[in-house]
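This is input_23.txt. It holds compact mmCIF, C-alpha atoms.
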```txt
# COMPACT_ATOMS: atom_id res chain seq x y z
CA MET A 1 -10.61 -11.79 54.91
CA ALA A 2 -13.13 -12.76 52.25
CA SER A 3 -11.82 -14.58 49.21
CA HIS A 4 -12.05 -13.02 45.75
CA PRO A 5 -15.34 -13.99 44.03
CA TYR A 6 -13.39 -14.92 40.90
CA PRO A 7 -10.18 -16.70 41.96
CA LYS A 8 -7.30 -16.34 39.53
CA ARG A 9 -6.45 -19.42 37.49
CA ARG A 10 -2.93 -20.77 37.69
CA ASP A 11 -0.92 -23.37 35.79
CA SER A 12 1.02 -26.29 37.29
CA LYS A 13 3.89 -23.91 38.12
CA HIS A 14 1.46 -21.66 40.03
CA ARG A 15 1.76 -18.86 37.48
CA VAL A 16 -1.29 -16.67 37.14
CA LEU A 17 -3.06 -17.11 33.80
CA ARG A 18 -4.25 -13.96 32.11
CA ARG A 19 -7.70 -13.30 30.74
CA GLY A 20 -8.42 -15.64 27.84
CA GLU A 21 -5.61 -18.03 28.83
CA SER A 22 -6.31 -21.57 30.02
CA ILE A 23 -4.60 -24.92 30.19
CA ARG A 24 -6.10 -28.07 28.76
CA ALA A 25 -6.14 -31.50 30.31
CA ASP A 26 -3.23 -32.62 28.14
CA GLY A 27 -1.09 -29.75 29.45
CA LYS A 28 -1.33 -27.60 26.34
CA TYR A 29 -1.87 -23.88 26.83
CA GLN A 30 -4.75 -22.18 25.05
CA PHE A 31 -5.64 -18.55 24.35
CA LYS A 32 -9.13 -17.52 23.30
CA TYR A 33 -9.84 -14.24 21.50
CA TYR A 34 -12.53 -12.81 19.25
CA VAL A 35 -12.50 -11.49 15.67
CA ASN A 36 -15.72 -9.84 14.48
CA GLY A 37 -17.59 -11.52 17.35
CA LYS A 38 -16.35 -15.02 16.46
CA PRO A 39 -14.12 -16.95 18.90
CA LYS A 40 -10.64 -17.91 17.73
CA PHE A 41 -7.97 -20.02 19.46
CA VAL A 42 -4.22 -20.44 19.47
CA TYR A 43 -2.28 -23.17 21.26
CA SER A 44 1.21 -23.78 22.56
CA TRP A 45 3.08 -26.24 24.79
CA ARG A 46 4.86 -23.32 26.46
CA LEU A 47 3.45 -20.34 28.33
CA GLU A 48 6.60 -18.19 28.34
CA PRO A 49 9.50 -18.12 25.83
CA THR A 50 11.82 -19.39 28.61
CA ASP A 51 9.76 -22.52 29.25
CA LYS A 52 11.23 -25.83 28.15
CA LEU A 53 9.49 -27.65 25.34
CA PRO A 54 8.01 -30.98 26.50
CA GLN A 55 9.92 -33.95 25.17
CA GLY A 56 8.73 -35.21 21.78
CA LYS A 57 6.82 -32.02 20.92
CA LYS A 58 7.47 -29.89 17.83
CA PRO A 59 9.10 -26.47 18.36
CA CYS A 60 6.59 -23.62 18.52
CA LEU A 61 6.18 -20.09 19.80
CA SER A 62 5.13 -19.70 23.40
CA LEU A 63 1.53 -18.71 24.14
CA ARG A 64 2.58 -15.27 25.33
CA GLU A 65 4.51 -14.70 22.08
CA LEU A 66 1.46 -15.75 20.09
CA GLU A 67 -0.70 -13.38 22.14
CA LYS A 68 1.66 -10.51 21.44
CA GLN A 69 1.56 -11.33 17.74
CA ILE A 70 -2.23 -11.49 17.75
CA GLY A 71 -2.46 -8.27 19.74
CA TYR A 72 -0.21 -6.50 17.23
CA ASP A 73 -2.33 -7.78 14.37
CA LEU A 74 -5.58 -6.72 16.07
CA ASP A 75 -4.22 -3.30 17.02
CA SER A 76 -3.18 -2.72 13.40
CA GLN A 77 -6.65 -3.89 12.29
CA MET A 78 -5.24 -7.02 10.69
CA ASP A 79 -7.12 -10.29 10.64
CA PRO A 80 -4.74 -12.86 12.15
CA THR A 81 -6.85 -15.78 10.94
CA ARG A 82 -6.23 -14.81 7.29
CA LYS A 83 -2.56 -15.65 7.73
CA ASN A 84 -3.60 -19.30 7.64
CA MET A 85 -4.61 -18.94 4.00
CA THR A 86 -2.33 -20.96 1.71
CA VAL A 87 -0.30 -19.47 -1.11
CA MET A 88 -2.50 -21.25 -3.66
CA GLU A 89 -5.68 -19.92 -2.04
CA LEU A 90 -4.24 -16.41 -2.12
CA VAL A 91 -3.30 -16.76 -5.80
CA GLU A 92 -6.80 -17.99 -6.67
CA ARG A 93 -8.29 -15.07 -4.75
CA TYR A 94 -6.05 -12.62 -6.62
CA LEU A 95 -6.79 -14.14 -10.04
CA ALA A 96 -10.52 -13.90 -9.30
CA THR A 97 -10.08 -10.11 -9.24
CA ARG A 98 -8.38 -10.07 -12.66
CA THR A 99 -11.41 -9.74 -14.87
CA GLY A 100 -11.48 -8.43 -18.43
CA VAL A 101 -7.89 -9.41 -19.22
CA LYS A 102 -6.70 -10.51 -22.67
CA PRO A 103 -6.86 -14.20 -23.65
CA SER A 104 -3.06 -14.37 -23.73
CA THR A 105 -2.97 -13.13 -20.13
CA LEU A 106 -5.50 -15.77 -19.10
CA SER A 107 -3.27 -18.38 -20.72
CA ASN A 108 -0.35 -17.14 -18.62
CA TYR A 109 -2.45 -17.37 -15.46
CA LYS A 110 -3.33 -20.98 -16.27
CA PHE A 111 0.35 -21.69 -16.87
CA VAL A 112 1.29 -20.29 -13.44
CA ARG A 113 -1.51 -22.27 -11.75
CA ASN A 114 -0.16 -25.50 -13.24
CA ILE A 115 3.35 -24.77 -12.01
CA LEU A 116 2.28 -23.83 -8.48
CA SER A 117 0.00 -26.86 -8.16
CA LYS A 118 3.09 -29.11 -8.41
CA GLU A 119 5.10 -27.20 -5.79
CA ASP A 120 5.01 -27.67 -2.00
CA PHE A 121 5.34 -23.90 -1.70
CA SER A 122 1.71 -23.50 -2.82
CA GLY A 123 0.50 -25.20 0.39
CA LYS A 124 2.52 -22.94 2.67
CA ARG A 125 0.64 -20.52 4.97
CA ILE A 126 1.02 -16.97 3.69
CA GLY A 127 1.79 -15.82 7.24
CA ASP A 128 4.82 -18.11 7.27
CA VAL A 129 6.29 -16.90 3.98
CA LYS A 130 9.32 -14.71 4.57
CA THR A 131 11.36 -12.83 1.96
CA SER A 132 14.05 -15.52 2.10
CA ASP A 133 11.39 -18.20 1.48
CA ALA A 134 10.18 -16.30 -1.59
CA LYS A 135 13.72 -15.96 -2.95
CA LEU A 136 14.56 -19.62 -2.31
CA PHE A 137 11.36 -20.70 -4.09
CA LEU A 138 12.26 -18.76 -7.24
CA ILE A 139 15.83 -20.09 -7.08
CA LYS A 140 14.42 -23.62 -6.81
CA LEU A 141 12.28 -23.09 -9.90
CA GLN A 142 15.34 -22.12 -11.92
CA SER A 143 17.37 -24.99 -10.44
CA ASP A 144 14.62 -27.37 -11.57
CA GLY A 145 15.21 -26.26 -15.15
CA ARG A 146 12.68 -23.44 -15.45
CA ARG A 147 13.85 -20.63 -17.71
CA HIS A 148 14.27 -17.08 -16.48
CA SER A 149 11.18 -15.97 -18.40
CA THR A 150 9.10 -18.65 -16.62
CA VAL A 151 10.39 -17.64 -13.19
CA LYS A 152 9.61 -14.03 -14.04
CA THR A 153 6.06 -14.98 -15.08
CA VAL A 154 5.46 -16.88 -11.82
CA ARG A 155 6.80 -14.01 -9.78
CA GLY A 156 4.62 -11.66 -11.84
CA VAL A 157 1.57 -13.37 -10.30
CA LEU A 158 2.87 -14.00 -6.77
CA ARG A 159 4.11 -10.45 -6.21
CA PRO A 160 0.75 -8.69 -6.82
CA ALA A 161 -1.10 -11.51 -5.03
CA PHE A 162 0.91 -10.96 -1.84
CA GLN A 163 0.59 -7.19 -2.29
CA MET A 164 -3.17 -7.69 -2.29
CA ALA A 165 -2.81 -9.53 1.04
CA VAL A 166 -0.89 -6.52 2.40
CA ASP A 167 -3.51 -4.09 1.09
CA ASP A 168 -6.27 -6.22 2.67
CA ASP A 169 -4.44 -6.12 6.03
CA TYR A 170 -3.67 -9.85 6.02
CA LEU A 171 0.09 -9.25 6.07
CA HIS A 172 2.42 -6.46 7.13
CA LYS A 173 4.95 -6.90 4.33
CA ASN A 174 5.11 -8.31 0.81
CA PRO A 175 7.74 -11.10 0.80
CA PHE A 176 8.03 -10.84 -3.01
CA GLY A 177 8.75 -7.12 -2.99
CA PHE A 178 12.37 -7.52 -4.12
CA GLU A 179 14.15 -7.06 -7.43
CA LEU A 180 14.45 -10.27 -9.41
CA ALA A 181 17.83 -9.40 -10.94
CA GLY A 182 19.81 -10.17 -7.79
CA VAL A 183 18.10 -13.49 -7.09
CA VAL A 184 17.98 -15.60 -10.27
CA VAL A 185 20.31 -15.69 -13.24
CA ASN A 186 18.99 -14.13 -16.44
CA ASP A 187 19.74 -16.90 -18.94
CA SER A 188 17.28 -15.66 -21.57
CA LEU A 189 18.61 -15.21 -25.06
CA THR A 190 18.83 -11.60 -26.18
CA ARG A 191 17.24 -10.87 -29.52
CA GLU A 192 19.98 -9.15 -31.45
CA ALA A 193 19.43 -6.88 -34.40
CA ILE A 194 21.32 -7.79 -37.55
CA THR A 195 23.57 -5.36 -39.40
CA ARG A 196 22.53 -3.36 -42.45
CA ASP A 197 24.81 -5.48 -44.60
CA GLN A 198 23.24 -8.71 -43.29
CA MET A 199 19.77 -7.29 -43.88
CA ARG A 200 20.62 -6.37 -47.49
CA LYS A 201 22.10 -9.81 -48.18
CA PHE A 202 19.13 -11.60 -46.68
CA LEU A 203 16.62 -9.47 -48.59
CA LYS A 204 18.53 -10.07 -51.85
CA PHE A 205 18.54 -13.82 -51.18
CA VAL A 206 14.78 -13.88 -50.54
CA HIS A 207 14.14 -11.73 -53.60
CA ASP A 208 16.19 -13.97 -55.93
CA ASP A 209 15.20 -17.36 -54.52
CA ASN A 210 12.69 -19.27 -56.68
CA CYS A 211 10.92 -20.69 -53.63
CA TYR A 212 10.92 -17.83 -51.16
CA CYS A 213 10.60 -14.83 -53.49
CA LYS A 214 6.84 -14.83 -52.82
CA TYR A 215 7.60 -13.74 -49.25
CA TYR A 216 9.93 -10.88 -50.20
CA GLU A 217 7.35 -8.12 -49.74
CA THR A 218 6.49 -9.28 -46.23
CA VAL A 219 10.15 -9.55 -45.19
CA TYR A 220 10.88 -6.10 -46.59
CA ILE A 221 7.86 -4.55 -44.83
CA LEU A 222 8.81 -6.05 -41.46
CA PHE A 223 12.39 -4.78 -41.80
CA HIS A 224 11.22 -1.27 -42.76
CA THR A 225 8.18 -0.63 -40.55
CA GLY A 226 9.06 -2.28 -37.22
CA MET A 227 5.57 -3.76 -36.90
CA ARG A 228 4.92 -6.60 -34.48
CA ILE A 229 4.19 -9.77 -36.44
CA SER A 230 0.74 -10.09 -34.80
CA GLU A 231 -0.02 -6.54 -35.97
CA PHE A 232 1.03 -7.39 -39.52
CA CYS A 233 -1.06 -10.59 -39.50
CA GLY A 234 -4.07 -8.59 -38.31
CA LEU A 235 -3.84 -6.07 -41.16
CA THR A 236 -6.78 -6.04 -43.54
CA ILE A 237 -7.08 -4.26 -46.88
CA SER A 238 -9.18 -1.58 -45.20
CA ASP A 239 -6.32 -0.84 -42.77
CA LEU A 240 -4.14 0.27 -45.69
CA ASP A 241 -4.82 3.82 -46.86
CA MET A 242 -3.08 3.51 -50.21
CA ASP A 243 -4.12 7.00 -51.33
CA ASN A 244 -2.45 8.72 -48.37
CA ARG A 245 0.10 5.91 -47.90
CA ILE A 246 -0.69 5.25 -44.25
CA ILE A 247 -0.82 1.96 -42.30
CA ASP A 248 -3.53 2.04 -39.61
CA ILE A 249 -2.55 -0.27 -36.76
CA ASN A 250 -5.39 -0.64 -34.25
CA HIS A 251 -5.57 -4.38 -33.48
CA GLN A 252 -3.66 -7.64 -33.75
CA LEU A 253 -4.55 -11.18 -34.79
CA GLN A 254 -3.97 -14.09 -32.40
CA ARG A 255 -4.67 -17.82 -32.39
CA SER A 256 -5.12 -19.80 -29.18
CA SER A 257 -3.73 -23.24 -28.39
CA ALA A 258 -7.22 -24.54 -29.17
CA MET A 259 -6.75 -23.20 -32.74
CA GLU A 260 -9.33 -20.47 -32.21
CA TYR A 261 -8.73 -17.19 -34.04
CA TYR A 262 -9.49 -13.92 -32.29
CA ILE A 263 -8.80 -10.20 -32.62
CA GLN A 264 -7.06 -8.50 -29.74
CA SER A 265 -6.31 -4.86 -29.02
CA THR A 266 -2.73 -3.69 -29.52
CA LYS A 267 -0.18 -4.67 -26.87
CA THR A 268 -0.36 -1.23 -25.26
CA ASN A 269 -2.39 1.91 -25.88
CA ALA A 270 0.69 3.34 -27.58
CA GLY A 271 0.56 0.37 -29.97
CA THR A 272 -2.46 1.93 -31.69
CA ARG A 273 -0.80 4.18 -34.24
CA LYS A 274 -0.58 5.20 -37.89
CA ILE A 275 2.66 4.49 -39.76
CA PRO A 276 3.50 6.37 -42.97
CA MET A 277 4.65 4.22 -45.90
CA THR A 278 7.93 4.82 -47.66
CA GLU A 279 7.94 4.46 -51.44
CA GLU A 280 9.29 0.89 -51.29
CA VAL A 281 6.93 -0.17 -48.52
CA TYR A 282 4.04 1.27 -50.56
CA ARG A 283 5.10 -0.80 -53.58
CA CYS A 284 5.34 -3.95 -51.45
CA PHE A 285 1.81 -3.52 -50.11
CA GLN A 286 0.61 -2.78 -53.64
CA ALA A 287 2.15 -6.05 -54.84
CA ILE A 288 0.60 -8.01 -51.95
CA ILE A 289 -2.87 -6.64 -52.72
CA GLU A 290 -2.50 -7.31 -56.45
CA ASP A 291 -1.27 -10.90 -55.91
CA ARG A 292 -3.92 -11.70 -53.30
CA GLU A 293 -6.41 -14.21 -54.65
CA ALA A 294 -9.88 -13.41 -53.45
CA PRO A 295 -11.34 -16.52 -51.74
CA ARG A 296 -14.78 -17.79 -52.60
CA PHE A 297 -15.94 -16.82 -49.12
CA GLU A 298 -14.10 -14.24 -47.05
CA LYS A 299 -13.66 -15.62 -43.52
CA MET A 300 -14.49 -13.20 -40.73
CA VAL A 301 -12.70 -13.03 -37.36
CA ASP A 302 -14.47 -10.96 -34.71
CA GLY A 303 -15.92 -8.68 -37.36
CA TYR A 304 -12.69 -8.29 -39.36
CA THR A 305 -12.30 -9.57 -42.90
CA GLY A 306 -10.02 -9.04 -45.90
CA PHE A 307 -6.76 -10.21 -44.31
CA LEU A 308 -3.68 -9.93 -46.54
CA TYR A 309 -2.55 -13.58 -46.38
CA LEU A 310 -4.74 -16.68 -46.16
CA ASP A 311 -3.97 -20.37 -45.76
CA ASP A 312 -5.44 -23.27 -47.76
CA GLN A 313 -8.57 -23.19 -45.62
CA GLY A 314 -9.13 -19.49 -46.24
CA MET A 315 -8.08 -18.54 -42.69
CA PRO A 316 -5.61 -15.71 -42.12
CA LEU A 317 -1.96 -16.54 -41.45
CA VAL A 318 -0.78 -16.02 -37.87
CA ALA A 319 2.60 -15.33 -36.26
CA MET A 320 3.55 -19.02 -36.09
CA HIS A 321 3.29 -19.38 -39.88
CA TRP A 322 5.75 -16.54 -40.49
CA GLU A 323 8.14 -17.69 -37.76
CA HIS A 324 8.37 -21.08 -39.49
CA ARG A 325 8.90 -19.45 -42.87
CA PHE A 326 11.67 -17.22 -41.56
CA ASN A 327 13.31 -20.28 -40.02
CA HIS A 328 13.20 -22.13 -43.36
CA MET A 329 14.58 -19.12 -45.24
CA VAL A 330 17.53 -18.70 -42.87
CA ASN A 331 18.31 -22.43 -43.00
CA ARG A 332 18.23 -22.36 -46.79
CA TYR A 333 20.52 -19.30 -46.87
CA ASN A 334 23.05 -21.00 -44.57
CA GLU A 335 23.04 -24.13 -46.74
CA ILE A 336 24.15 -22.05 -49.71
CA TYR A 337 26.57 -19.48 -48.29
CA ARG A 338 29.76 -20.06 -46.33
CA VAL A 339 29.30 -16.94 -44.17
CA GLN A 340 26.38 -17.94 -42.01
CA MET A 341 23.38 -15.73 -41.33
CA PRO A 342 22.35 -15.43 -37.63
CA ASN A 343 18.88 -16.42 -36.55
CA ILE A 344 16.30 -14.05 -38.03
CA THR A 345 12.72 -13.93 -36.82
CA PRO A 346 9.94 -11.40 -37.39
CA HIS A 347 10.84 -9.88 -34.04
CA VAL A 348 14.50 -9.57 -35.05
CA CYS A 349 13.22 -7.51 -37.99
CA ARG A 350 11.54 -5.21 -35.48
CA HIS A 351 14.76 -4.83 -33.46
CA THR A 352 16.73 -4.19 -36.65
CA TYR A 353 14.34 -1.47 -37.80
CA CYS A 354 14.59 0.32 -34.46
CA SER A 355 18.40 0.13 -34.41
CA ASN A 356 18.68 1.35 -38.00
CA GLN A 357 16.44 4.33 -37.31
CA ALA A 358 18.41 5.19 -34.17
CA ARG A 359 21.69 5.03 -36.12
CA ALA A 360 20.17 7.31 -38.74
CA GLY A 361 19.56 9.93 -36.04
CA MET A 362 15.77 9.72 -35.79
CA ASN A 363 14.27 11.69 -32.91
CA PRO A 364 13.79 9.25 -29.97
CA LYS A 365 10.18 10.30 -29.37
CA THR A 366 9.35 9.80 -33.05
CA LEU A 367 10.96 6.37 -32.93
CA GLN A 368 9.00 5.52 -29.77
CA TYR A 369 5.77 6.40 -31.58
CA LEU A 370 6.61 4.34 -34.66
CA MET A 371 7.54 1.34 -32.50
CA GLY A 372 4.36 1.64 -30.44
CA HIS A 373 6.16 1.68 -27.09
CA SER A 374 4.45 3.19 -24.05
CA ASP A 375 7.84 3.66 -22.36
CA ILE A 376 10.70 5.32 -24.20
CA GLY A 377 13.12 3.37 -22.00
CA VAL A 378 12.14 0.23 -23.90
CA THR A 379 12.90 1.95 -27.19
CA LEU A 380 16.31 3.15 -26.06
CA ASN A 381 17.51 0.29 -23.88
CA VAL A 382 16.10 -2.84 -25.49
CA TYR A 383 15.68 -2.25 -29.18
CA THR A 384 18.60 -0.02 -30.14
CA HIS A 385 21.49 -2.47 -30.48
CA LEU A 386 24.33 0.01 -30.79
CA GLY A 387 27.92 -1.07 -30.21
CA LEU A 388 31.55 0.01 -30.38
CA GLU A 389 31.46 0.82 -34.09
CA ASP A 390 28.44 3.07 -33.58
CA ALA A 391 30.13 4.79 -30.62
CA ALA A 392 33.30 5.35 -32.67
CA ALA A 393 31.30 6.77 -35.57
CA GLU A 394 29.43 9.11 -33.23
CA MET A 395 32.72 10.29 -31.68
CA ALA A 396 34.15 10.94 -35.14
CA ARG A 397 31.03 12.90 -36.06
CA MET A 398 31.32 14.99 -32.90
CA GLU A 399 35.00 15.67 -33.61
CA ALA A 400 34.11 16.83 -37.12
CA VAL A 401 31.45 19.15 -35.70
CA GLU A 402 33.93 20.55 -33.18
CA ALA A 403 36.57 21.09 -35.88
CA ALA A 404 34.01 22.90 -38.05
CA ARG A 405 33.02 25.08 -35.09
CA LYS A 406 36.65 26.07 -34.43
CA GLU A 407 37.21 26.80 -38.11
CA GLN A 408 34.12 28.98 -38.10
CA GLU A 409 35.41 30.85 -35.06
CA LYS A 410 38.73 31.49 -36.82
CA ILE A 411 36.94 32.86 -39.88
CA SER A 412 34.69 35.02 -37.71
CA GLY A 413 37.69 36.32 -35.74
CA LYS A 414 39.56 37.20 -38.91
CA LYS A 415 36.57 39.13 -40.24
CA ASP A 416 36.29 41.03 -36.96
CA ARG A 417 39.96 42.06 -37.14
CA GLU A 418 39.56 43.18 -40.76
CA ASN A 419 36.54 45.27 -39.78
CA THR A 420 38.50 46.86 -36.95
CA VAL A 421 41.40 47.83 -39.28
CA THR A 422 38.98 49.29 -41.81
CA GLN A 423 37.29 51.39 -39.14
CA LYS A 424 40.67 52.75 -37.94
CA MET A 425 41.68 53.62 -41.49
CA PHE A 426 38.36 55.39 -41.97
CA ARG A 427 38.91 57.49 -38.83
CA ALA A 428 42.45 58.33 -39.91
CA VAL A 429 41.25 59.59 -43.26
```
Taking this structure as input, can you express it in the form of structure tokens?
Amino acid sequence: MASHPYPKRRDSKHRVLRRGESIRADGKYQFKYYVNGKPKFVYSWRLEPTDKLPQGKKPCLSLRELEKQIGYDLDSQMDPTRKNMTVMELVERYLATRTGVKPSTLSNYKFVRNILSKEDFSGKRIGDVKTSDAKLFLIKLQSDGRRHSTVKTVRGVLRPAFQMAVDDDYLHKNPFGFELAGVVVNDSLTREAITRDQMRKFLKFVHDDNCYCKYYETVYILFHTGMRISEFCGLTISDLDMDNRIIDINHQLQRSSAMEYYIQSTKTNAGTRKIPMTEEVYRCFQAIIEDREAPRFEKMVDGYTGFLYLDDQGMPLVAMHWEHRFNHMVNRYNEIYRVQMPNITPHVCRHTYCSNQARAGMNPKTLQYLMGHSDIGVTLNVYTHLGLEDAAAEMARMEAVEAARKEQEKISGKKDRENTVTQKMFRAV
């Protein structure tokens, strides 16, 4: 009987090697396959999963297991070689697609890069990252002293980066596709709104203080408009329609870490809005404009000029200036009064405005518009700091409404009975 023209290759245990399989001189198994016409290789010290690992060798999948994995990837049109990409390489690839983002977003990306560059996780193959690895990495960041907001920012880059790998058929599943709440502890400080009484006391203090009275109008406006401090800093005289008493918010002023001033669009599309002025807010803006000393040369930032407040160099004040001033005002208040005032920042003023309007019964959609929120859930869940006293007051109001309704029903019922008696008397006559 004639022998086969292409004799089957066998290993040292006389097992037939499949197409693409071979064994090297050092005893290591090799499988050759092609991706887009280019040869690729995988290696293993074991042919079958039941084979013993040679002494002194690192644990690895058997060649047949690797072949099955590669076959699954090829059948699903995935590129198995892309799994060798590192986490850092994937992040860089993802960030390269993020063009046209705001400068503050670019700053966040740089921040995440710096963190990842110091972590061993960044050198891990993306194909080796499991959901548990992703969770343990975020837990490690918090254990190393990173705040919840930082961990959230890092995850905010890694999650879409790995999703891009899934969309590009590099991976089957996004290992960061889990909710953060059940993994790391939220230790961030909640910005609490202050009470109406605290707001009145603080405003009175600022108004009467010889040093800080010059900031009264700004503090009042922030408490009674709910503007973001960057929106207020970006206001120019032309943004104030004093005839119709309307504040036109369509941009915000920012300053980079390199001390460069720039104009940025509002935080969201909903942030572009027009806010009507109340009588007191109108008077405050009027006072600011009247007290504003016109500089010798009006500085221009990205085409905008005529900012309400300027520093000694003629440049507009930014959020940091007002945050420092609020801090000084609160410290001064607490030095004078026994009952201490909680921390108040420009953003606390925004929370307080939203809570006060909600307590006053403002329509939620109207409040969402005034706050410039794209999602009403943010308006209702984050900014309206309502508590037990508010719940009790609402219950009392509902009880009063119910009592009035019952009283009205009694009156209506009595009138109906009187009408019935009158009709009977009329028929009798």
Provide the atom CA of A:Arg125 to atom CA of A:Met85 distance in Å, to one decimal place.
->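 A separation of 5.6 Å between them.
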Smallest atom-to-atom distance to A:Tyr282: which of A:Phe137, A:Tyr262, A:Ile221, A:Phe41, using only C-alpha atoms?
->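 Looking at the shortest contact to A:Tyr282, the residue is A:Ile221.
Comparing A:Tyr309, A:Phe297, A:Gly226, A:Pro346 by their smallest distance to A:Leu370, the closest is A:Gly226 (using only C-alpha atoms).
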Got a sec: who's within 9 Å of stretch 326-343 of chain A, counting all atoms listed in the file, leaving out chain neighbours fewer than 4 positions off, as a PyMOL selection string?
-> chain A and resi 192+194+198+202+205-206+212+219+321-322+348
For atom CA of A:Met300 and atom CA of A:Tyr261, determine how far apart the two atoms are, in Å to one decimal place.
->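 Between these atoms lies a distance of 9.7 Å.
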List every protein, DNA or RNA residue that has at least one atom no more than 12 Å from (-9.2, -23.1, -41.6) in the file's coordinates, counting only C-alpha atoms, and write the result as a VMD selection string.
-> chain A and resid 255 259 to 261 297 to 301 310 to 318
Which neighbours of A:Thr278 fall inside 9 Å, counting all atoms listed in the file, when residues of the same chain fewer than 5 positions from it are skipped, and could you give them as JSON, numbers by chain?
-> {"A": [224, 225, 245, 283]}
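With atom CA of A:Thr86 on one side and atom CA of A:Gly127 on the other, the separation reads 8.6 Å.
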Counting only C-alpha atoms, the option among A:Ile289, A:Leu180, A:Ile249, A:Leu380 closest to A:Lys152 | A:Leu180
Need the shell around A:Lys118: protein/DNA/RNA residues with any atom at most 12 Å away, counting all atoms listed in the file. Skip same-chain ones fewer than 6 positions apart. Format as a short mmCIF file (atom, residue, chain, number, x, y, z; two decimals) with C-alpha atoms, in the frame of the given file?
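Printed below is result_29.cif as written:
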```
data_model
loop_
_atom_site.label_atom_id
_atom_site.label_comp_id
_atom_site.auth_asym_id
_atom_site.auth_seq_id
_atom_site.Cartn_x
_atom_site.Cartn_y
_atom_site.Cartn_z
CA MET A 88 -2.50 -21.25 -3.66
CA PHE A 111 0.35 -21.69 -16.87
CA VAL A 112 1.29 -20.29 -13.44
CA LEU A 141 12.28 -23.09 -9.90
#
```
Please, could N, CA and C atoms be added to stretch 291-303 of chain A and the result written as a PDB file, in the coordinates of the input?
```
ATOM      1  N   ASP A 291      -1.473  -9.439 -55.819  1.00  0.00           N
ATOM      2  CA  ASP A 291      -1.270 -10.900 -55.910  1.00  0.00           C
ATOM      3  C   ASP A 291      -2.262 -11.685 -55.061  1.00  0.00           C
ATOM      4  N   ARG A 292      -2.990 -11.003 -54.191  1.00  0.00           N
ATOM      5  CA  ARG A 292      -3.920 -11.700 -53.300  1.00  0.00           C
ATOM      6  C   ARG A 292      -5.089 -12.252 -54.099  1.00  0.00           C
ATOM      7  N   GLU A 293      -5.287 -13.559 -53.967  1.00  0.00           N
ATOM      8  CA  GLU A 293      -6.410 -14.210 -54.650  1.00  0.00           C
ATOM      9  C   GLU A 293      -7.636 -14.144 -53.752  1.00  0.00           C
ATOM     10  N   ALA A 294      -8.663 -13.535 -54.254  1.00  0.00           N
ATOM     11  CA  ALA A 294      -9.880 -13.410 -53.450  1.00  0.00           C
ATOM     12  C   ALA A 294     -10.516 -14.776 -53.246  1.00  0.00           C
ATOM     13  N   PRO A 295     -10.725 -15.206 -51.988  1.00  0.00           N
ATOM     14  CA  PRO A 295     -11.340 -16.520 -51.740  1.00  0.00           C
ATOM     15  C   PRO A 295     -12.816 -16.511 -52.118  1.00  0.00           C
ATOM     16  N   ARG A 296     -13.360 -17.695 -52.245  1.00  0.00           N
ATOM     17  CA  ARG A 296     -14.780 -17.790 -52.600  1.00  0.00           C
ATOM     18  C   ARG A 296     -15.630 -17.161 -51.497  1.00  0.00           C
ATOM     19  N   PHE A 297     -15.251 -17.428 -50.261  1.00  0.00           N
ATOM     20  CA  PHE A 297     -15.940 -16.820 -49.120  1.00  0.00           C
ATOM     21  C   PHE A 297     -14.888 -16.201 -48.208  1.00  0.00           C
ATOM     22  N   GLU A 298     -15.025 -14.920 -47.949  1.00  0.00           N
ATOM     23  CA  GLU A 298     -14.100 -14.240 -47.050  1.00  0.00           C
ATOM     24  C   GLU A 298     -14.426 -14.631 -45.605  1.00  0.00           C
ATOM     25  N   LYS A 299     -13.456 -15.247 -44.927  1.00  0.00           N
ATOM     26  CA  LYS A 299     -13.660 -15.620 -43.520  1.00  0.00           C
ATOM     27  C   LYS A 299     -13.608 -14.365 -42.658  1.00  0.00           C
ATOM     28  N   MET A 300     -14.430 -14.347 -41.619  1.00  0.00           N
ATOM     29  CA  MET A 300     -14.490 -13.200 -40.730  1.00  0.00           C
ATOM     30  C   MET A 300     -14.023 -13.614 -39.333  1.00  0.00           C
ATOM     31  N   VAL A 301     -13.181 -12.786 -38.716  1.00  0.00           N
ATOM     32  CA  VAL A 301     -12.700 -13.030 -37.360  1.00  0.00           C
ATOM     33  C   VAL A 301     -13.074 -11.825 -36.498  1.00  0.00           C
ATOM     34  N   ASP A 302     -14.017 -12.025 -35.609  1.00  0.00           N
ATOM     35  CA  ASP A 302     -14.470 -10.960 -34.710  1.00  0.00           C
ATOM     36  C   ASP A 302     -14.822  -9.679 -35.449  1.00  0.00           C
ATOM     37  N   GLY A 303     -15.475  -9.834 -36.599  1.00  0.00           N
ATOM     38  CA  GLY A 303     -15.920  -8.680 -37.360  1.00  0.00           C
ATOM     39  C   GLY A 303     -14.922  -8.152 -38.373  1.00  0.00           C
TER      40      GLY A 303
END
```
